[in-house]
Amino acid sequence: MNRLCKVLIVDDEFLVRQGIKHHMNWEAEGFQIVGEASNGEEGLAQVQSLQPDIVITDIVMPVMDGETFVRTLKASHPQIEVIVLSSFSEFEYVRSTLQNGAADYILKPKLDTNELLQVLQRTAGKIPELQFEPSHDGWKLGQLMEKMLSGFTLDEENEMHMIRETFPHRCFRLLVYKPQDTQVHVHKLDNEQLESRLRDLLPDVECAIVPAEGTSPVVLLNVELAKDEWMVQRIKELASQNKDGQDGPCWVLSDSFSSFEEMGDVYRTRLIKLMEYRFYYEDRSILVYGELPPLHPAGYQFNVNMFLQHVKRSRTEAAREYLQEHALTLGRDYIADVFEIKSFLGNLIFNVTITLADMDVQSAALEESKYAYFKHVDGASSLTEAMNVLDQFMAEVQECTTGEGAKRSDPNMKMLLEYMHQHFDQPLGLAEVAKHFHFNPSYLSSYFSSHKKEGFNEYLNKIRIEKAEELLRSDDVTISEISSMVGYSDHSYFCKVFKKFTGLSPSRYRRKFWA
């Protein structure tokens with residue numbers, strides 16, 4: 001059998017895996033790296049799908065260590081040869097792997113190209129059906145591109161010579177084809193189909209699939225500078241033809257760059273970020289770097305306090321309308337981190353459920369379903385999808401507060417909580433509130449605790465600190481003034497309570513917010 005010897009690398013250190021992959025001209029020596037894994041468990045899964053001839057594995061790894069991995073692998077795949085990487089202190093483990101069928105070992109501190117190649121050649125010689133014949137065709141183009149993406153420098157004399165022959169022009173771009181996850185019944189282009197399609201559409205353009213991480217194919221395009229504008233227009237036409245409503249695929253096109261050496265930087269610093277903007281523009285067939293709409297100068301301003309006040313006053317329809325009204329403005333600040341946007345929306349759900357509890361609204365169904373809403377927001381692939389989840393949540397809230405779900409365990413408790421929210425800035429204690437409602441203070445304390453998770457004083461402090469947070473975010477009132485405005489006569493006590501609730505001092509909270 002005249003073929004390359006297939007090698008799988010199993011090591012929990014990413015840099016070690018990258019170092020081995022780019023240690024030598026693998027294909028020139030008759031080998032091919034077919035995959036990598038970060039622990040023994042992942043390694044076993046890769047073995048099933050890739051069927052390597054040789055596995056290079058570390059000893060010390062999380063989840064499943066190298067010793068267990070070798071024993072399990074040789075029990076199920078005795079024909080696969082194993083080379084073990086180890087340090088001096090791990091020789092007892094190495095001895096165990098050799099007893100379990102490992103072919104050879106290499107000490108990490110002494111790992112060099114010649115020793116690695118010698119061990120590989122000796123091990124490949126033990127595989128009867130593999131006729132070991134080194135190839136001298138050089139590295140494949142994909143491996144050179146992967147090396148560049150990983151931050152390695154290509155050899156000027158040999159490797160860059162091949163690159164310049166393959167990509168002779170001085171204008172490059174990166175193109176991403178991103179099918180929607182919802183396209184279950186829509187035909188998706190695989191890498192070969194995509195490359196063939198582009199070659200037919202762009203006959204004067206050199207193109208090659210980039211071995212980047214992720215499920216979306218990335219293509220390197222190389223064209224004469226004078227034809228760059230024509231190429232961009234042709235790609236826009238292709239994207240438009242493939243568009244099928246919001247569920248259609250999206251194309252993402254980087255800005256142009258003048259040399260192959262810039263590819264890694266363009267991919268990491270610009271293309272990946274542009275792909276994230278797809279979250280805000282799922283209705284566009286293509287996103288082109290430099291052609292996005294201008295950012296809204298004020299960013300995204302959502303008055304959380306106003307939103308929650310609507311909920312507190314049972315004006316859920318108004319809260320829902322306010323949320324829908326501001327949904328579109330989120331996209332104006334499309335450079336905002338998607339994780340932060342999802343966290344913000346998740347916090348809205350959390351704060352609404354807390355507000356309902358403060359209102360003494362009883363809804364076991366909503367309390368249980370909120371976790372599903374958190375999950376759906378976190379898994380949303382677009383802003384529209386995330387906002388639809390919020391709208392469904394608010395519809396359920398509206399049913400709880402205005403329909404049959406608006407059952408409160410005790411109307412007196414509602415009046416008590418409303419009184420505390422209205423008079424928190426006054427010298428408000430258990431005795432004063434008890435006198436106002438004609439309760440015995442001891443009875444009021446027990447009554448309050450039976451309806452709320454926290455006691456009277458802790459709940460009062462929570463109201464005051466929430467208001468203090470709002471005032472601190474305004475940045476136009478001193479901390480000392482805020483202390484008095486929320487009902488604390490002792491400034492130092494206010495700071496102590498504030499830090500207990502938020503984990504930060506008032507001054508640090510303000511600095512962090514305005515940072």
# chains A, B, ... in the order shown; residues from 1 in each chain; ligands from 1

$ residues_around --residues "A:Asn39" --least-positions-apart "2" --cutoff "6 Å" --atoms "only C-alpha atoms" --output "number ranges by chain"
A: 12, 37, 41-42, 61, 64

$ select_by_dssp --residues "stretch 14-44 of chain A" --states "helix (DSSP H, G or I)" --output "list of chain:residue names"
A:Phe14, A:Leu15, A:Val16, A:Arg17, A:Gln18, A:Gly19, A:Ile20, A:Lys21, A:Glu27, A:Ala28, A:Glu29, A:Gly40, A:Glu41, A:Glu42, A:Gly43, A:Leu44

$ closest_residue --among "A:Glu165, A:Asp337, A:Asp155, A:Asp53" --to "A:Leu120" --atoms "only C-alpha atoms"
A:Asp53

$ residues_around --residues "A:Tyr419" --least-positions-apart "4" --cutoff "12 Å" --atoms "only C-alpha atoms" --output "VMD selection string"
chain A and resid 359 412 to 415 423 to 426 428 432 to 434 436 to 437 460 463

$ residues_around --residues "A:Ile272" --least-positions-apart "6" --cutoff "10 Å" --atoms "only C-alpha atoms" --output "PyMOL selection string"
chain A and resi 176+252+254+266

$ write_last_selection --atoms "N, CA and C atoms" --output "PDB file, in the first residue's frame"
ATOM      1  N   VAL A 176     -15.907  33.773   4.369  1.00  0.00           N
ATOM      2  CA  VAL A 176     -16.512  32.725   5.198  1.00  0.00           C
ATOM      3  C   VAL A 176     -17.902  32.415   4.674  1.00  0.00           C
ATOM      4  N   VAL A 252     -19.401  36.156   4.843  1.00  0.00           N
ATOM      5  CA  VAL A 252     -18.641  37.189   5.549  1.00  0.00           C
ATOM      6  C   VAL A 252     -17.337  37.400   4.806  1.00  0.00           C
ATOM      7  N   SER A 254     -13.731  39.624   4.479  1.00  0.00           N
ATOM      8  CA  SER A 254     -12.798  40.513   5.174  1.00  0.00           C
ATOM      9  C   SER A 254     -12.403  41.690   4.305  1.00  0.00           C
ATOM     10  N   VAL A 266      -5.261  39.109  10.094  1.00  0.00           N
ATOM     11  CA  VAL A 266      -6.578  39.499   9.581  1.00  0.00           C
ATOM     12  C   VAL A 266      -7.648  38.530  10.089  1.00  0.00           C
TER      13      VAL A 266
END

$ atom_distance --atom1 "atom CA of A:Asp378" --atom2 "atom CA of A:Glu340"
10.5 Å
